[in-house]
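Peer 1: One file: entry37.cif (mmCIF, C-alpha atoms).
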data_model
#
loop_
_atom_site.label_atom_id
_atom_site.label_comp_id
_atom_site.auth_asym_id
_atom_site.auth_seq_id
_atom_site.Cartn_x
_atom_site.Cartn_y
_atom_site.Cartn_z
CA MET R 11 1.44 36.06 90.75
CA LYS R 12 -2.35 35.84 91.25
CA ARG R 13 -2.44 39.50 92.25
CA LYS R 14 -0.56 40.44 89.05
CA ILE R 15 -2.95 38.41 86.92
CA LEU R 16 -5.92 40.06 88.62
CA GLU R 17 -4.46 43.53 88.05
CA ASN R 18 -3.87 42.75 84.37
CA MET R 19 -7.43 41.54 83.99
CA ILE R 20 -8.75 44.73 85.58
CA TYR R 21 -6.61 46.88 83.28
CA PHE R 22 -7.79 44.89 80.25
CA LEU R 23 -11.45 45.24 81.22
CA LEU R 24 -11.00 48.94 81.86
CA ILE R 25 -9.45 49.48 78.45
CA TYR R 26 -12.14 47.31 76.86
CA PHE R 27 -14.99 49.30 78.40
CA ILE R 28 -13.32 52.58 77.46
CA ALA R 29 -13.04 51.35 73.87
CA CYS R 30 -16.73 50.37 73.92
CA ALA R 31 -17.62 53.84 75.17
CA VAL R 32 -15.56 55.48 72.43
CA LEU R 33 -17.23 53.34 69.77
CA TYR R 34 -20.66 54.17 71.19
CA PHE R 35 -20.22 57.93 71.33
CA LEU R 36 -18.30 58.27 68.05
CA GLN R 37 -20.16 55.64 66.03
CA ARG R 38 -21.94 58.07 63.72
CA LYS R 39 -18.61 59.63 62.81
CA LEU R 40 -17.58 56.16 61.61
CA ILE R 41 -20.75 55.75 59.52
CA TYR R 42 -21.39 59.20 58.05
CA PHE R 43 -18.95 61.50 56.30
CA PRO R 44 -20.99 64.59 55.35
CA THR R 45 -19.95 66.35 52.15
CA ALA R 46 -19.61 70.10 51.69
CA LYS R 47 -21.90 72.35 49.72
CA ILE R 48 -20.92 72.49 46.05
CA SER R 49 -22.13 75.37 43.88
CA HIS R 50 -24.08 74.42 40.77
CA GLY R 51 -26.78 75.75 38.48
CA LEU R 52 -29.11 72.76 38.56
CA ASN R 53 -32.73 72.84 39.71
CA GLN R 54 -33.33 72.14 43.38
CA LEU R 55 -36.26 71.05 45.47
CA LYS R 56 -36.18 72.33 49.04
CA LEU R 57 -38.14 70.27 51.55
CA VAL R 58 -38.78 71.10 55.18
CA ASN R 59 -39.11 67.95 57.27
CA ASN R 60 -38.96 67.83 61.08
CA ASN R 61 -37.64 71.42 61.09
CA GLU R 62 -34.72 70.51 58.82
CA SER R 63 -34.16 71.86 55.30
CA ILE R 64 -33.55 68.95 52.92
CA ASP R 65 -31.89 69.69 49.59
CA VAL R 66 -32.82 67.62 46.55
CA ILE R 67 -31.17 68.16 43.16
CA VAL R 68 -33.65 67.69 40.32
CA LEU R 69 -32.71 66.64 36.77
CA ASN R 70 -34.97 66.41 33.69
CA GLU R 71 -38.07 67.85 35.29
CA GLY R 72 -41.48 66.92 33.93
CA LYS R 73 -40.93 63.30 32.84
CA ASN R 74 -43.58 60.63 33.36
CA GLU R 75 -41.12 58.31 35.07
CA ALA R 76 -38.77 59.22 37.87
CA LEU R 77 -35.69 57.95 39.70
CA ILE R 78 -34.81 58.73 43.30
CA TYR R 79 -31.12 58.28 44.10
CA PHE R 80 -29.63 57.64 47.54
CA GLY R 81 -25.84 57.85 47.62
CA GLY R 82 -23.01 56.48 49.72
CA ASN R 83 -21.92 57.67 53.15
CA ALA R 84 -19.24 60.01 51.78
CA GLU R 85 -20.79 60.81 48.40
CA SER R 86 -21.53 64.21 46.93
CA VAL R 87 -24.56 63.25 44.89
CA ILE R 88 -24.11 66.28 42.64
CA TYR R 89 -21.25 64.46 40.93
CA ASN R 90 -23.76 62.00 39.46
CA ALA R 91 -25.66 64.74 37.67
CA GLU R 92 -23.75 64.72 34.38
CA ASP R 93 -23.89 60.95 33.99
CA PHE R 94 -27.54 60.71 35.04
CA LEU R 95 -28.54 63.44 32.57
CA LYS R 96 -26.79 61.48 29.83
CA GLU R 97 -27.89 57.96 30.79
CA PHE R 98 -31.47 58.56 31.97
CA PRO R 99 -32.88 61.30 29.70
CA GLN R 100 -36.42 59.86 29.95
CA HIS R 101 -36.51 60.05 33.73
CA THR R 102 -36.82 62.92 36.14
CA VAL R 103 -34.04 62.24 38.63
CA TYR R 104 -34.04 63.28 42.28
CA LEU R 105 -30.65 63.29 44.02
CA LEU R 106 -31.19 63.48 47.78
CA ASN R 107 -28.61 65.17 49.97
CA TYR R 108 -28.77 63.50 53.38
CA ARG R 109 -29.06 65.67 56.48
CA GLY R 110 -25.77 67.49 56.95
CA TYR R 111 -24.72 66.81 53.33
CA GLY R 112 -24.56 69.51 50.66
CA GLU R 113 -27.13 72.18 51.43
CA SER R 114 -29.23 69.99 53.75
CA THR R 115 -29.27 70.99 57.39
CA GLY R 116 -29.12 68.81 60.48
CA ASN R 117 -27.12 65.73 61.36
CA PRO R 118 -27.43 62.37 59.61
CA THR R 119 -29.18 59.55 61.46
CA GLU R 120 -31.01 56.46 60.24
CA LYS R 121 -34.32 57.74 61.57
CA GLY R 122 -33.92 61.17 59.97
CA ILE R 123 -32.75 59.88 56.59
CA PHE R 124 -35.57 57.33 56.44
CA SER R 125 -38.07 60.06 57.26
CA ASP R 126 -36.67 62.30 54.52
CA ALA R 127 -36.81 59.47 51.97
CA LEU R 128 -40.51 58.89 52.67
CA PHE R 129 -41.16 62.63 52.68
CA LEU R 130 -39.51 63.09 49.28
CA PHE R 131 -41.38 60.17 47.73
CA ASP R 132 -44.74 61.39 49.03
CA LYS R 133 -43.97 64.91 47.80
CA VAL R 134 -43.31 63.89 44.18
CA LYS R 135 -45.37 60.71 43.70
CA ASN R 136 -48.32 62.49 42.08
CA LYS R 137 -46.03 64.07 39.48
CA HIS R 138 -45.02 60.75 37.90
CA GLN R 139 -46.65 57.59 36.62
CA LYS R 140 -43.81 55.43 37.94
CA ILE R 141 -41.02 55.98 40.45
CA SER R 142 -37.97 53.72 40.69
CA VAL R 143 -35.19 53.91 43.24
CA ILE R 144 -31.40 53.55 43.05
CA GLY R 145 -29.34 53.11 46.22
CA ARG R 146 -25.58 52.89 46.43
CA SER R 147 -23.61 51.54 49.40
CA LEU R 148 -25.15 53.15 52.51
CA GLY R 149 -27.98 54.31 50.23
CA THR R 150 -29.04 50.72 49.52
CA GLY R 151 -30.34 50.60 53.08
CA VAL R 152 -32.39 53.73 52.42
CA ALA R 153 -33.66 52.38 49.09
CA VAL R 154 -34.67 49.07 50.69
CA TYR R 155 -36.49 50.90 53.48
CA LEU R 156 -38.40 53.09 51.03
CA ALA R 157 -39.31 50.13 48.81
CA SER R 158 -40.58 48.26 51.87
CA ARG R 159 -42.89 51.14 52.81
CA ARG R 160 -44.07 52.52 49.47
CA SER R 161 -45.14 51.21 46.06
CA ILE R 162 -41.96 51.41 43.96
CA ASN R 163 -41.71 50.49 40.29
CA LYS R 164 -38.17 49.04 40.39
CA ILE R 165 -35.22 49.12 42.76
CA ALA R 166 -31.51 49.05 41.90
CA LEU R 167 -29.01 48.23 44.65
CA ILE R 168 -25.33 49.00 44.06
CA THR R 169 -22.81 47.36 46.41
CA PRO R 170 -25.56 46.41 48.89
CA TYR R 171 -25.23 44.94 52.37
CA ASP R 172 -27.41 42.91 54.71
CA SER R 173 -27.20 45.34 57.64
CA ILE R 174 -24.81 47.87 59.14
CA LYS R 175 -25.05 45.81 62.33
CA SER R 176 -23.71 42.75 60.53
CA LEU R 177 -21.02 44.77 58.74
CA GLY R 178 -19.94 46.45 61.95
CA GLN R 179 -19.77 43.20 63.88
CA SER R 180 -17.50 41.68 61.22
CA LYS R 181 -15.16 44.69 61.42
CA PHE R 182 -15.15 45.02 65.22
CA ILE R 183 -15.25 41.36 66.16
CA ILE R 184 -14.44 41.66 69.86
CA PHE R 185 -17.04 44.35 70.59
CA PRO R 186 -20.82 43.86 71.11
CA VAL R 187 -21.79 45.96 68.09
CA PHE R 188 -25.36 44.65 68.25
CA LEU R 189 -25.70 46.37 71.64
CA LEU R 190 -23.78 49.55 70.88
CA LEU R 191 -25.15 50.42 67.44
CA LYS R 192 -27.80 53.15 67.08
CA ASP R 193 -28.28 53.06 63.30
CA LYS R 194 -28.64 49.45 62.18
CA TYR R 195 -29.93 49.76 58.58
CA ASP R 196 -31.34 46.24 58.76
CA SER R 197 -32.14 45.67 55.08
CA LEU R 198 -32.28 41.90 55.51
CA SER R 199 -35.42 42.04 57.64
CA ARG R 200 -37.19 44.34 55.16
CA VAL R 201 -36.85 42.25 52.00
CA LYS R 202 -40.10 40.37 52.73
CA HIS R 203 -42.00 43.65 52.44
CA ILE R 204 -40.64 44.52 48.97
CA GLN R 205 -42.71 43.75 45.88
CA ALA R 206 -40.66 45.57 43.24
CA GLN R 207 -38.38 43.87 40.76
CA THR R 208 -34.80 44.37 41.89
CA ILE R 209 -31.30 44.41 40.46
CA ALA R 210 -28.13 44.18 42.56
CA LEU R 211 -24.75 45.22 41.17
CA VAL R 212 -21.87 43.79 43.19
CA ALA R 213 -18.22 44.84 42.89
CA GLU R 214 -15.99 41.80 42.36
CA ASN R 215 -13.25 43.21 44.59
CA ASP R 216 -15.28 45.24 47.08
CA GLU R 217 -12.90 46.27 49.85
CA ILE R 218 -15.58 48.03 51.93
CA ILE R 219 -18.53 45.64 51.82
CA PRO R 220 -17.35 42.00 51.69
CA LYS R 221 -19.28 39.98 49.13
CA LYS R 222 -20.80 37.72 51.80
CA HIS R 223 -22.82 40.67 53.12
CA SER R 224 -24.16 41.45 49.65
CA LEU R 225 -25.01 37.80 49.00
CA ARG R 226 -26.92 37.47 52.27
CA LEU R 227 -29.22 40.26 51.16
CA ILE R 228 -29.51 38.99 47.58
CA ASN R 229 -30.33 35.45 48.73
CA GLU R 230 -33.15 36.77 50.92
CA PHE R 231 -35.09 37.81 47.80
CA PRO R 232 -37.16 35.27 45.90
CA PRO R 233 -34.97 34.24 42.91
CA GLU R 234 -37.58 35.41 40.42
CA GLN R 235 -37.64 38.90 41.97
CA ILE R 236 -33.95 39.79 41.78
CA THR R 237 -31.18 39.89 39.19
CA ALA R 238 -27.69 39.86 40.69
CA ILE R 239 -24.70 40.88 38.58
CA THR R 240 -21.04 41.00 39.59
CA ILE R 241 -19.04 43.71 37.82
CA LYS R 242 -15.64 42.19 37.08
CA ASN R 243 -12.41 43.93 38.09
CA SER R 244 -14.26 46.55 40.09
CA GLY R 245 -13.96 47.83 43.66
CA HIS R 246 -16.39 49.57 45.97
CA ASN R 247 -15.60 53.07 44.73
CA ASP R 248 -14.83 52.50 41.05
CA ILE R 249 -17.69 50.19 40.08
CA SER R 250 -19.51 53.07 38.37
CA TYR R 251 -16.48 53.71 36.14
CA LYS R 252 -16.95 50.37 34.39
CA GLU R 253 -18.57 50.56 30.97
CA GLU R 254 -21.21 47.93 31.75
CA TYR R 255 -22.37 49.66 34.96
CA TYR R 256 -24.78 52.10 33.38
CA GLN R 257 -25.73 49.65 30.65
CA HIS R 258 -27.03 47.18 33.22
CA LEU R 259 -28.97 49.93 34.99
CA LYS R 260 -30.47 51.22 31.76
CA ASP R 261 -31.42 47.76 30.52
CA PHE R 262 -33.14 47.06 33.84
CA LEU R 263 -34.88 50.39 34.40
CA ASN R 264 -36.03 50.87 30.81
CA TYR R 265 -37.36 47.33 30.31
#
Show the structure stored in the file as structure tokens.

Peer 2:
Amino acid sequence: MKRKILENMIYFLLIYFIACAVLYFLQRKLIYFPTAKISHGLNQLKLVNNNESIDVIVLNEGKNEALIYFGGNAESVIYNAEDFLKEFPQHTVYLLNYRGYGESTGNPTEKGIFSDALFLFDKVKNKHQKISVIGRSLGTGVAVYLASRRSINKIALITPYDSIKSLGQSKFIIFPVFLLLKDKYDSLSRVKHIQAQTIALVAENDEIIPKKHSLRLINEFPPEQITAITIKNSGHNDISYKEEYYQHLKDFLNY
């Protein structure tokens, strides 16, 4: 009996360590879902950073104020163009394609995406009097990082999270995600370095980012620095379809 128990324990540990190895080596395939190139006739800014070509779609060139948009982990940012042209006509808008997304080369990593975000901001900052940032889902981590490192006018966070490490640990409870994870997107630790006024739009029924992870981030801000709004009857992917979504963003960014 003892021998059987010992054998079962060995088999369990073997399977467990194999599962850990699979999670470690495939983790970025669970975080990033690069989107294909989509043909369009919009203006583009091509940046070369760390030997990678980074594609940025540019809307409403020549405005005094600008918006930089960082999308979700499976988002083709080009699909925001029509709405952004309509809703933000007084802003030049920069839609960043992450490495490996759209026409950008390379493979997405936290380090690379953060570097590209800083590179883009530094490239365009002298063209505008004010630059604000919008981040959605994964992109909230990029927006928070940029706002913690550069002087941003305002920051809008859509379906934000505290950290990918925290999210991952809640989804893979039995695994040591904190040890395995390469790209942590630790927004929580960066809040103290942000000076910009902030708005957070939370989906009431977010099935991807549980509300507790959004609230942890929101509660880290001084109350006077952040406005948090829950969009009723919305999920992670359809929050932007709600009529009040763009109205809240416009009211905040144009104030």

Peer 1: From the list R:Leu57, R:Leu191, R:Val152, R:Leu128, which residue is nearest R:Tyr34 when using only C-alpha atoms?

Peer 2: R:Leu191

Peer 1: What are the closest atom pairs, with distances in Å to one decimal, for each residue of stretch 39-95 of chain R lying within 10 Å of stretch 153-166 of chain R, using only C-alpha atoms, rows by chain and rising residue number, as a Markdown table?

Peer 2:
| residue | atom | partner | partner_atom | distance |
| --- | --- | --- | --- | --- |
| R:Glu75 | CA | R:Asn163 | CA | 9.4 |
| R:Ala76 | CA | R:Asn163 | CA | 9.5 |
| R:Leu77 | CA | R:Lys164 | CA | 9.3 |
| R:Ile78 | CA | R:Ala153 | CA | 8.7 |
| R:Tyr79 | CA | R:Ala153 | CA | 8.1 |
| R:Phe80 | CA | R:Ala153 | CA | 6.8 |
| R:Gly81 | CA | R:Ala153 | CA | 9.7 |

Peer 1: Please determine, counting all atoms listed in the file, which residue among R:Ser173, R:Asn136, R:Ser180, R:Asn61 has the shortest atom-to-atom distance to R:Asn74.

Peer 2: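 Of R:Ser173, R:Asn136, R:Ser180, R:Asn61, the one nearest R:Asn74, counting all atoms listed in the file, is R:Asn136.
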
Peer 1: For the atom pair atom CA of R:Pro186 and atom CA of R:Phe35, what is the interatomic distance in Å to one decimal place?

Peer 2: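 Value for the atom CA of R:Pro186-atom CA of R:Phe35 distance: 14.1 Å.
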
Peer 1: Which residues match the PyMOL selection byres ((chain R and resi 201) around 12) in the file above, as an MDAnalysis selection string?

Peer 2: chainID R and resid 150:151 153:159 165 171:173 196:200 202:208 226:232 235:236

Peer 1: Kindly resolve the PyMOL selection byres ((chain R and resi 192) around 9) on the present coordinates and return the residues as a PyMOL selection string.

Peer 2: chain R and resi 34+37-38+119-120+188-191+193-194

Peer 1: As an exercise, work out the distance from atom CA of R:Gly116 to atom CA of R:Val143 in Å and give it to one decimal place.

Peer 2: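 So the two atoms, atom CA of R:Gly116 and atom CA of R:Val143, lie 23.6 Å apart.
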
Peer 1: Quick one: residues within 7 Å of stretch 92-108 of chain R, all atoms listed in the file, excluding same-chain residues fewer than 5 positions away - as a PDB file with C-alpha atoms, in the frame of the given file?

Peer 2:
ATOM      1  CA  ILE R  64     -33.550  68.950  52.920  1.00  0.00           C
ATOM      2  CA  ASP R  65     -31.890  69.690  49.590  1.00  0.00           C
ATOM      3  CA  VAL R  66     -32.820  67.620  46.550  1.00  0.00           C
ATOM      4  CA  ILE R  67     -31.170  68.160  43.160  1.00  0.00           C
ATOM      5  CA  VAL R  68     -33.650  67.690  40.320  1.00  0.00           C
ATOM      6  CA  LEU R  69     -32.710  66.640  36.770  1.00  0.00           C
ATOM      7  CA  ASN R  70     -34.970  66.410  33.690  1.00  0.00           C
ATOM      8  CA  GLU R  71     -38.070  67.850  35.290  1.00  0.00           C
ATOM      9  CA  GLY R  72     -41.480  66.920  33.930  1.00  0.00           C
ATOM     10  CA  LYS R  73     -40.930  63.300  32.840  1.00  0.00           C
ATOM     11  CA  GLU R  75     -41.120  58.310  35.070  1.00  0.00           C
ATOM     12  CA  ALA R  76     -38.770  59.220  37.870  1.00  0.00           C
ATOM     13  CA  LEU R  77     -35.690  57.950  39.700  1.00  0.00           C
ATOM     14  CA  ILE R  78     -34.810  58.730  43.300  1.00  0.00           C
ATOM     15  CA  TYR R  79     -31.120  58.280  44.100  1.00  0.00           C
ATOM     16  CA  PHE R  80     -29.630  57.640  47.540  1.00  0.00           C
ATOM     17  CA  VAL R  87     -24.560  63.250  44.890  1.00  0.00           C
ATOM     18  CA  SER R 114     -29.230  69.990  53.750  1.00  0.00           C
ATOM     19  CA  PRO R 118     -27.430  62.370  59.610  1.00  0.00           C
ATOM     20  CA  ILE R 123     -32.750  59.880  56.590  1.00  0.00           C
TER      21      ILE R 123
END

Peer 1: Smallest atom-to-atom distance to R:Lys56: which of R:Phe185, R:Phe124, R:Phe129, R:Phe27, using all atoms listed in the file?

Peer 2: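 Result for the nearest residue to R:Lys56: R:Phe129.
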
Peer 1: Rank R:Ile168, R:Val187, R:Ile41, R:Val212 by their smallest atom-to-atom distance to R:Lys242, using all atoms listed in the file, and report the top residue only.

Peer 2: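 The closest residue to R:Lys242 is R:Val212.
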
Peer 1: Just the number, please: distance in Å from atom CA of R:Gly110 to atom CA of R:Pro44, one decimal.

Peer 2: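 Here the two named atoms are 5.8 Å from each other.
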
Peer 1: Taking the file as shown, what set of residues would the PyMOL selection byres ((chain R and resi 51) around 12) give back, as a PDB file with C-alpha atoms, in the frame of the given file?

Peer 2:
ATOM      1  CA  ILE R  48     -20.920  72.490  46.050  1.00  0.00           C
ATOM      2  CA  SER R  49     -22.130  75.370  43.880  1.00  0.00           C
ATOM      3  CA  HIS R  50     -24.080  74.420  40.770  1.00  0.00           C
ATOM      4  CA  LEU R  52     -29.110  72.760  38.560  1.00  0.00           C
ATOM      5  CA  ASN R  53     -32.730  72.840  39.710  1.00  0.00           C
ATOM      6  CA  GLN R  54     -33.330  72.140  43.380  1.00  0.00           C
ATOM      7  CA  ILE R  67     -31.170  68.160  43.160  1.00  0.00           C
ATOM      8  CA  VAL R  68     -33.650  67.690  40.320  1.00  0.00           C
ATOM      9  CA  LEU R  69     -32.710  66.640  36.770  1.00  0.00           C
ATOM     10  CA  ILE R  88     -24.110  66.280  42.640  1.00  0.00           C
ATOM     11  CA  ALA R  91     -25.660  64.740  37.670  1.00  0.00           C
TER      12      ALA R  91
END

Peer 1: Could you list, as a PyMOL selection string, every residue within 12 Å of R:Tyr251, counting only C-alpha atoms and ignoring same-chain residues fewer than 3 positions away?

Peer 2: chain R and resi 90+93+213+241-248+254-257

Peer 1: Tell me which of R:Ser86, R:Ser125, R:Ser147, R:Asn264 sits closest to R:Ile249, counting only C-alpha atoms.

Peer 2: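 Smallest distance to R:Ile249 is found for R:Ser147.
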
Peer 1: Enclose the full set of atoms of stretch 230-241 of chain R listed in the file within a box whose edges lie along x, y and z, apply 5 Å of padding to each of the six sides, and report centre and edge lengths in Å to one decimal as AutoDock Vina command-line options.

Peer 2:
--center_x -28.3 --center_y 39.0 --center_z 44.4 --size_x 28.6 --size_y 19.5 --size_z 23.1

Peer 1: For R:Lys222, which of R:Leu148, R:Leu55, R:Leu24, R:Leu177 is the closest residue, counting all atoms listed in the file?

Peer 2: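 Among the listed residues, R:Leu177 lies closest to R:Lys222.
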